[in-house]
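With PDB, C-alpha atoms inside, this is input12.pdb:
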```pdb
MODEL        1
ATOM      1  CA  MET A   1      16.484 -36.884 -32.769
ATOM      2  CA  GLU A   2      16.946 -35.365 -29.305
ATOM      3  CA  ASP A   3      14.405 -35.989 -26.522
ATOM      4  CA  THR A   4      12.607 -32.656 -25.944
ATOM      5  CA  GLY A   5      11.908 -33.442 -22.289
ATOM      6  CA  ALA A   6      15.598 -34.091 -21.531
ATOM      7  CA  ALA A   7      16.671 -30.972 -23.435
ATOM      8  CA  ALA A   8      14.105 -28.856 -21.596
ATOM      9  CA  ALA A   9      15.162 -30.256 -18.240
ATOM     10  CA  ALA A  10      18.812 -29.566 -19.011
ATOM     11  CA  SER A  11      18.090 -25.987 -20.043
ATOM     12  CA  GLY A  12      15.668 -25.270 -17.202
ATOM     13  CA  ALA A  13      12.847 -24.591 -19.682
ATOM     14  CA  PRO A  14       9.362 -25.991 -19.063
ATOM     15  CA  GLU A  15       8.910 -29.517 -20.367
ATOM     16  CA  ALA A  16       6.848 -29.963 -23.527
ATOM     17  CA  LYS A  17       3.698 -32.063 -23.289
ATOM     18  CA  ALA A  18       2.874 -34.680 -25.897
ATOM     19  CA  GLU A  19      -0.804 -33.702 -26.058
ATOM     20  CA  ASP A  20      -0.022 -30.179 -27.287
ATOM     21  CA  GLY A  21       1.856 -31.363 -30.345
ATOM     22  CA  GLY A  22       5.319 -31.065 -28.815
ATOM     23  CA  ARG A  23       5.072 -27.298 -28.220
ATOM     24  CA  ALA A  24       6.507 -26.046 -24.941
ATOM     25  CA  GLU A  25       4.038 -24.454 -22.552
ATOM     26  CA  ARG A  26       4.289 -20.726 -22.202
ATOM     27  CA  PRO A  27       4.757 -19.472 -18.684
ATOM     28  CA  VAL A  28       1.558 -17.920 -17.382
ATOM     29  CA  ALA A  29       1.902 -14.162 -16.942
ATOM     30  CA  LYS A  30       1.468 -13.200 -13.309
ATOM     31  CA  ALA A  31      -1.185 -10.537 -12.745
ATOM     32  CA  LEU A  32       0.139  -7.180 -11.613
ATOM     33  CA  LYS A  33      -0.457  -6.523  -7.912
ATOM     34  CA  VAL A  34      -0.757  -2.835  -7.087
ATOM     35  CA  VAL A  35      -0.612  -1.513  -3.532
ATOM     36  CA  ALA A  36      -1.952   1.996  -2.965
ATOM     37  CA  ALA A  37      -1.168   3.453   0.448
ATOM     38  CA  VAL A  38      -3.782   5.882   1.753
ATOM     39  CA  ASP A  39      -4.172   8.088   4.764
ATOM     40  CA  ALA A  40      -6.449  11.022   5.566
ATOM     41  CA  SER A  41      -4.664  13.359   3.148
ATOM     42  CA  GLU A  42      -6.069  14.477  -0.180
ATOM     43  CA  GLU A  43      -2.666  13.697  -1.723
ATOM     44  CA  SER A  44      -2.988   9.995  -0.981
ATOM     45  CA  LEU A  45      -6.481   9.887  -2.466
ATOM     46  CA  HIS A  46      -5.218  11.765  -5.513
ATOM     47  CA  ALA A  47      -2.484   9.124  -5.906
ATOM     48  CA  LEU A  48      -5.106   6.364  -5.646
ATOM     49  CA  SER A  49      -7.215   8.123  -8.269
ATOM     50  CA  TRP A  50      -4.170   8.381 -10.537
ATOM     51  CA  ALA A  51      -3.443   4.667 -10.075
ATOM     52  CA  LEU A  52      -7.047   3.775 -10.923
ATOM     53  CA  ASP A  53      -6.989   5.904 -14.076
ATOM     54  CA  ASN A  54      -3.477   5.147 -15.305
ATOM     55  CA  ILE A  55      -2.486   1.723 -14.020
ATOM     56  CA  VAL A  56      -5.531  -0.374 -13.210
ATOM     57  CA  ARG A  57      -7.445   0.799 -16.278
ATOM     58  CA  CYS A  58      -4.550  -0.302 -18.503
ATOM     59  CA  HIS A  59      -4.167  -3.627 -16.655
ATOM     60  CA  PRO A  60      -7.701  -4.935 -16.121
ATOM     61  CA  ASP A  61      -6.372  -8.134 -14.536
ATOM     62  CA  ALA A  62      -4.409  -6.155 -11.918
ATOM     63  CA  ALA A  63      -5.143  -6.828  -8.259
ATOM     64  CA  LEU A  64      -5.476  -3.632  -6.222
ATOM     65  CA  VAL A  65      -4.871  -3.533  -2.481
ATOM     66  CA  VAL A  66      -5.561  -0.321  -0.579
ATOM     67  CA  VAL A  67      -3.308  -0.167   2.494
ATOM     68  CA  HIS A  68      -3.578   2.100   5.516
ATOM     69  CA  ALA A  69      -0.836   2.269   8.138
ATOM     70  CA  GLN A  70      -1.669   3.173  11.691
ATOM     71  CA  HIS A  71       0.568   3.591  14.691
ATOM     72  CA  ALA A  72       0.186   1.237  17.593
ATOM     73  CA  VAL A  73      -1.852   2.833  20.357
ATOM     74  CA  ASP A  74       1.114   2.569  22.745
ATOM     75  CA  HIS A  75       2.907   4.965  20.377
ATOM     76  CA  PHE A  76       0.770   7.717  21.921
ATOM     77  CA  VAL A  77       1.662   6.851  25.523
ATOM     78  CA  TYR A  78       4.514   8.967  26.837
ATOM     79  CA  PRO A  79       6.758   8.523  29.879
ATOM     80  CA  VAL A  80       5.738  10.200  33.106
ATOM     81  CA  ALA A  81       8.373  12.634  34.428
ATOM     82  CA  ALA A  82      11.940  11.374  34.528
ATOM     83  CA  HIS A  83      11.049   7.986  35.996
ATOM     84  CA  GLY A  84      10.836   6.274  32.633
ATOM     85  CA  ILE A  85       7.417   4.883  33.507
ATOM     86  CA  ALA A  86       4.794   5.003  30.788
ATOM     87  CA  TYR A  87       1.261   5.193  32.012
ATOM     88  CA  ALA A  88      -2.063   5.871  30.440
ATOM     89  CA  PRO A  89      -5.370   5.091  32.093
ATOM     90  CA  PRO A  90      -7.052   2.072  30.466
ATOM     91  CA  LEU A  91     -10.066   4.194  29.504
ATOM     92  CA  ALA A  92      -7.810   6.647  27.674
ATOM     93  CA  VAL A  93      -6.061   3.834  25.777
ATOM     94  CA  GLU A  94      -9.401   2.256  24.838
ATOM     95  CA  SER A  95     -10.737   5.631  23.717
ATOM     96  CA  MET A  96      -7.645   6.197  21.539
ATOM     97  CA  ARG A  97      -7.991   2.702  20.065
ATOM     98  CA  LYS A  98     -11.680   3.236  19.198
ATOM     99  CA  THR A  99     -10.976   6.643  17.659
ATOM    100  CA  GLN A 100      -8.122   5.235  15.617
ATOM    101  CA  GLU A 101     -10.260   2.317  14.399
ATOM    102  CA  GLU A 102     -13.045   4.697  13.352
ATOM    103  CA  ASN A 103     -10.588   6.974  11.513
ATOM    104  CA  THR A 104      -9.090   3.955   9.733
ATOM    105  CA  ARG A 105     -12.560   2.685   8.792
ATOM    106  CA  GLN A 106     -13.499   6.080   7.326
ATOM    107  CA  ILE A 107     -10.242   6.402   5.365
ATOM    108  CA  LEU A 108     -10.535   2.916   3.869
ATOM    109  CA  ALA A 109     -14.253   3.352   3.134
ATOM    110  CA  ARG A 110     -13.540   6.557   1.226
ATOM    111  CA  ALA A 111     -10.741   4.869  -0.767
ATOM    112  CA  LEU A 112     -12.827   1.775  -1.539
ATOM    113  CA  ASP A 113     -15.740   3.997  -2.619
ATOM    114  CA  MET A 114     -13.400   5.624  -5.162
ATOM    115  CA  CYS A 115     -12.555   2.174  -6.485
ATOM    116  CA  LYS A 116     -16.194   1.147  -6.625
ATOM    117  CA  GLU A 117     -17.114   4.345  -8.536
ATOM    118  CA  ARG A 118     -14.606   3.308 -11.211
ATOM    119  CA  GLN A 119     -15.868  -0.290 -11.106
ATOM    120  CA  VAL A 120     -12.581  -1.642  -9.770
ATOM    121  CA  ASP A 121     -12.501  -4.473  -7.263
ATOM    122  CA  ALA A 122     -10.096  -3.702  -4.468
ATOM    123  CA  THR A 123      -9.270  -5.135  -1.092
ATOM    124  CA  ALA A 124      -8.290  -3.228   2.014
ATOM    125  CA  ALA A 125      -5.478  -3.961   4.442
ATOM    126  CA  ILE A 126      -4.473  -2.307   7.698
ATOM    127  CA  VAL A 127      -0.851  -2.434   8.790
ATOM    128  CA  GLU A 128       0.449  -1.312  12.145
ATOM    129  CA  GLY A 129       3.642   0.566  12.899
ATOM    130  CA  ASP A 130       5.657   3.402  11.430
ATOM    131  CA  ALA A 131       4.062   4.085   8.035
ATOM    132  CA  LYS A 132       7.199   3.868   5.888
ATOM    133  CA  GLU A 133       8.354   0.616   7.500
ATOM    134  CA  ALA A 134       4.918  -1.002   7.718
ATOM    135  CA  ILE A 135       4.018  -0.175   4.112
ATOM    136  CA  CYS A 136       7.337  -1.478   2.773
ATOM    137  CA  GLN A 137       6.927  -4.699   4.733
ATOM    138  CA  ALA A 138       3.359  -5.093   3.430
ATOM    139  CA  VAL A 139       4.520  -4.593  -0.163
ATOM    140  CA  GLU A 140       7.169  -7.284   0.263
ATOM    141  CA  ARG A 141       4.769  -9.662   2.016
ATOM    142  CA  MET A 142       2.133  -9.189  -0.706
ATOM    143  CA  GLN A 143       4.770  -9.488  -3.446
ATOM    144  CA  ALA A 144       3.376  -6.366  -5.093
ATOM    145  CA  GLY A 145       4.760  -5.202  -8.402
ATOM    146  CA  LEU A 146       3.894  -1.543  -7.837
ATOM    147  CA  LEU A 147       3.488   0.772  -4.858
ATOM    148  CA  VAL A 148       1.559   4.018  -5.285
ATOM    149  CA  LEU A 149       1.997   6.800  -2.711
ATOM    150  CA  GLY A 150       0.916  10.401  -2.532
ATOM    151  CA  SER A 151       3.264  13.245  -1.748
ATOM    152  CA  ARG A 152       3.736  14.351   1.830
ATOM    153  CA  GLY A 153       1.531  17.372   1.273
ATOM    154  CA  LEU A 154       4.451  19.694   0.676
ATOM    155  CA  GLY A 155       4.488  22.082  -2.245
ATOM    156  CA  LYS A 156       7.346  22.197  -4.733
ATOM    157  CA  ILE A 157       9.159  24.907  -2.826
ATOM    158  CA  LYS A 158       8.929  23.149   0.557
ATOM    159  CA  ARG A 159      10.041  19.844  -1.006
ATOM    160  CA  TYR A 160      13.128  21.466  -2.504
ATOM    161  CA  PRO A 161      16.002  20.565  -0.163
ATOM    162  CA  HIS A 162      18.110  23.694  -0.716
ATOM    163  CA  PRO A 163      17.283  27.361  -0.249
ATOM    164  CA  ILE A 164      16.146  29.009  -3.461
ATOM    165  CA  CYS A 165      17.758  32.336  -2.665
ATOM    166  CA  THR A 166      20.994  32.769  -0.783
ATOM    167  CA  MET A 167      22.000  36.093   0.626
TER     168      MET A 167
ENDMDL
END
```

Full structure transcribed into structure tokens:
Amino acid sequence: MEDTGAAAAASGAPEAKAEDGGRAERPVAKALKVVAAVDASEESLHALSWALDNIVRCHPDAALVVVHAQHAVDHFVYPVAAHGIAYAPPLAVESMRKTQEENTRQILARALDMCKERQVDATAAIVEGDAKEAICQAVERMQAGLLVLGSRGLGKIKRYPHPICTM
């Protein structure tokens, strides 16, 4: 008779334990992690609502993370004339930072309220940088299995890359 532990080790399968009657342990299924990116648009909140109704409801053990991407405040500071010098008065930078933080707080509060209304536990995360890059990096870092995004607010005709009529 072949040793089950040696056979399992050779095949890369999990080793059987003696106390379970020689049956191999089943790998534990990893819970689905869903990242929903939100901003101030109704489209992003609609996408979150869709995810709550169609994904999280079907996977009650899913972990939901609501992510908001914001640009760094220095993104809003522009060069002065042709000298290549960027300057913004400290009060202006601080005012922009406070406004941005308040906007982010309101966006995340609205998204988390939607989750709470549907009795879904969710966590919030803020990422900084260009939205498409920052969100993709967050998804990789969180090892999410699903990313939910809204449309860019364009209708079907505006999204269509080619002219409908040519003359």

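For the atom pair formed by atom CA of A:Leu149 and atom CA of A:Glu133, the distance is 13.5 Å, given to one decimal.
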
- Message: To one decimal place in Å, what is the distance between atom CA of A:Gln70 and atom CA of A:Lys132?
- Response: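 Between these atoms lies a distance of 10.6 Å.
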
- Query: Of the candidates A:Gly129, A:Ala122, A:Ala62, A:His71, which one gets nearest to A:Glu101 if we count all atoms listed in the file?
  - Reply: A:His71

- Query: Of the candidates A:Glu94, A:Ala31, A:Gln137, A:His46, which one gets nearest to A:Ala111 if we count all atoms listed in the file?
  - Reply: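 Closest residue, counting all atoms listed in the file: A:His46.
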
- Grab the atom CA of A:Ala144 to atom CA of A:Val73 distance for me, in Å with one decimal place.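 Atom CA of A:Val73 lies 27.6 Å from atom CA of A:Ala144.
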
Residues picked by the PyMOL selection byres ((chain A and resi 56) around 12) here, as a compact mmCIF listing (two decimals) with C-alpha atoms, keeping the file's coordinate frame?
```
# COMPACT_ATOMS: atom_id res chain seq x y z
CA ALA A 31 -1.18 -10.54 -12.74
CA LEU A 32 0.14 -7.18 -11.61
CA LYS A 33 -0.46 -6.52 -7.91
CA VAL A 34 -0.76 -2.84 -7.09
CA VAL A 35 -0.61 -1.51 -3.53
CA ALA A 36 -1.95 2.00 -2.96
CA LEU A 48 -5.11 6.36 -5.65
CA SER A 49 -7.22 8.12 -8.27
CA TRP A 50 -4.17 8.38 -10.54
CA ALA A 51 -3.44 4.67 -10.07
CA LEU A 52 -7.05 3.78 -10.92
CA ASP A 53 -6.99 5.90 -14.08
CA ASN A 54 -3.48 5.15 -15.30
CA ILE A 55 -2.49 1.72 -14.02
CA ARG A 57 -7.44 0.80 -16.28
CA CYS A 58 -4.55 -0.30 -18.50
CA HIS A 59 -4.17 -3.63 -16.66
CA PRO A 60 -7.70 -4.93 -16.12
CA ASP A 61 -6.37 -8.13 -14.54
CA ALA A 62 -4.41 -6.16 -11.92
CA ALA A 63 -5.14 -6.83 -8.26
CA LEU A 64 -5.48 -3.63 -6.22
CA VAL A 65 -4.87 -3.53 -2.48
CA CYS A 115 -12.56 2.17 -6.48
CA ARG A 118 -14.61 3.31 -11.21
CA GLN A 119 -15.87 -0.29 -11.11
CA VAL A 120 -12.58 -1.64 -9.77
CA ASP A 121 -12.50 -4.47 -7.26
CA ALA A 122 -10.10 -3.70 -4.47
CA LEU A 146 3.89 -1.54 -7.84
CA VAL A 148 1.56 4.02 -5.28
```

Could you list, as a JSON list (two decimals) with C-alpha atoms, keeping the file's coordinate frame, every residue matched by the PyMOL selection byres ((chain A and resi 102-108) around 12) in this structure?
```json
[["chain", "number", "residue", "atom", "x", "y", "z"],
["A", 36, "ALA", "CA", -1.95, 2.00, -2.96],
["A", 37, "ALA", "CA", -1.17, 3.45, 0.45],
["A", 38, "VAL", "CA", -3.78, 5.88, 1.75],
["A", 39, "ASP", "CA", -4.17, 8.09, 4.76],
["A", 40, "ALA", "CA", -6.45, 11.02, 5.57],
["A", 41, "SER", "CA", -4.66, 13.36, 3.15],
["A", 42, "GLU", "CA", -6.07, 14.48, -0.18],
["A", 44, "SER", "CA", -2.99, 9.99, -0.98],
["A", 45, "LEU", "CA", -6.48, 9.89, -2.47],
["A", 48, "LEU", "CA", -5.11, 6.36, -5.65],
["A", 65, "VAL", "CA", -4.87, -3.53, -2.48],
["A", 66, "VAL", "CA", -5.56, -0.32, -0.58],
["A", 67, "VAL", "CA", -3.31, -0.17, 2.49],
["A", 68, "HIS", "CA", -3.58, 2.10, 5.52],
["A", 69, "ALA", "CA", -0.84, 2.27, 8.14],
["A", 70, "GLN", "CA", -1.67, 3.17, 11.69],
["A", 71, "HIS", "CA", 0.57, 3.59, 14.69],
["A", 95, "SER", "CA", -10.74, 5.63, 23.72],
["A", 96, "MET", "CA", -7.64, 6.20, 21.54],
["A", 97, "ARG", "CA", -7.99, 2.70, 20.07],
["A", 98, "LYS", "CA", -11.68, 3.24, 19.20],
["A", 99, "THR", "CA", -10.98, 6.64, 17.66],
["A", 100, "GLN", "CA", -8.12, 5.24, 15.62],
["A", 101, "GLU", "CA", -10.26, 2.32, 14.40],
["A", 109, "ALA", "CA", -14.25, 3.35, 3.13],
["A", 110, "ARG", "CA", -13.54, 6.56, 1.23],
["A", 111, "ALA", "CA", -10.74, 4.87, -0.77],
["A", 112, "LEU", "CA", -12.83, 1.78, -1.54],
["A", 113, "ASP", "CA", -15.74, 4.00, -2.62],
["A", 114, "MET", "CA", -13.40, 5.62, -5.16],
["A", 115, "CYS", "CA", -12.56, 2.17, -6.48],
["A", 122, "ALA", "CA", -10.10, -3.70, -4.47],
["A", 123, "THR", "CA", -9.27, -5.14, -1.09],
["A", 124, "ALA", "CA", -8.29, -3.23, 2.01],
["A", 125, "ALA", "CA", -5.48, -3.96, 4.44],
["A", 126, "ILE", "CA", -4.47, -2.31, 7.70],
["A", 127, "VAL", "CA", -0.85, -2.43, 8.79],
["A", 128, "GLU", "CA", 0.45, -1.31, 12.14]]
```
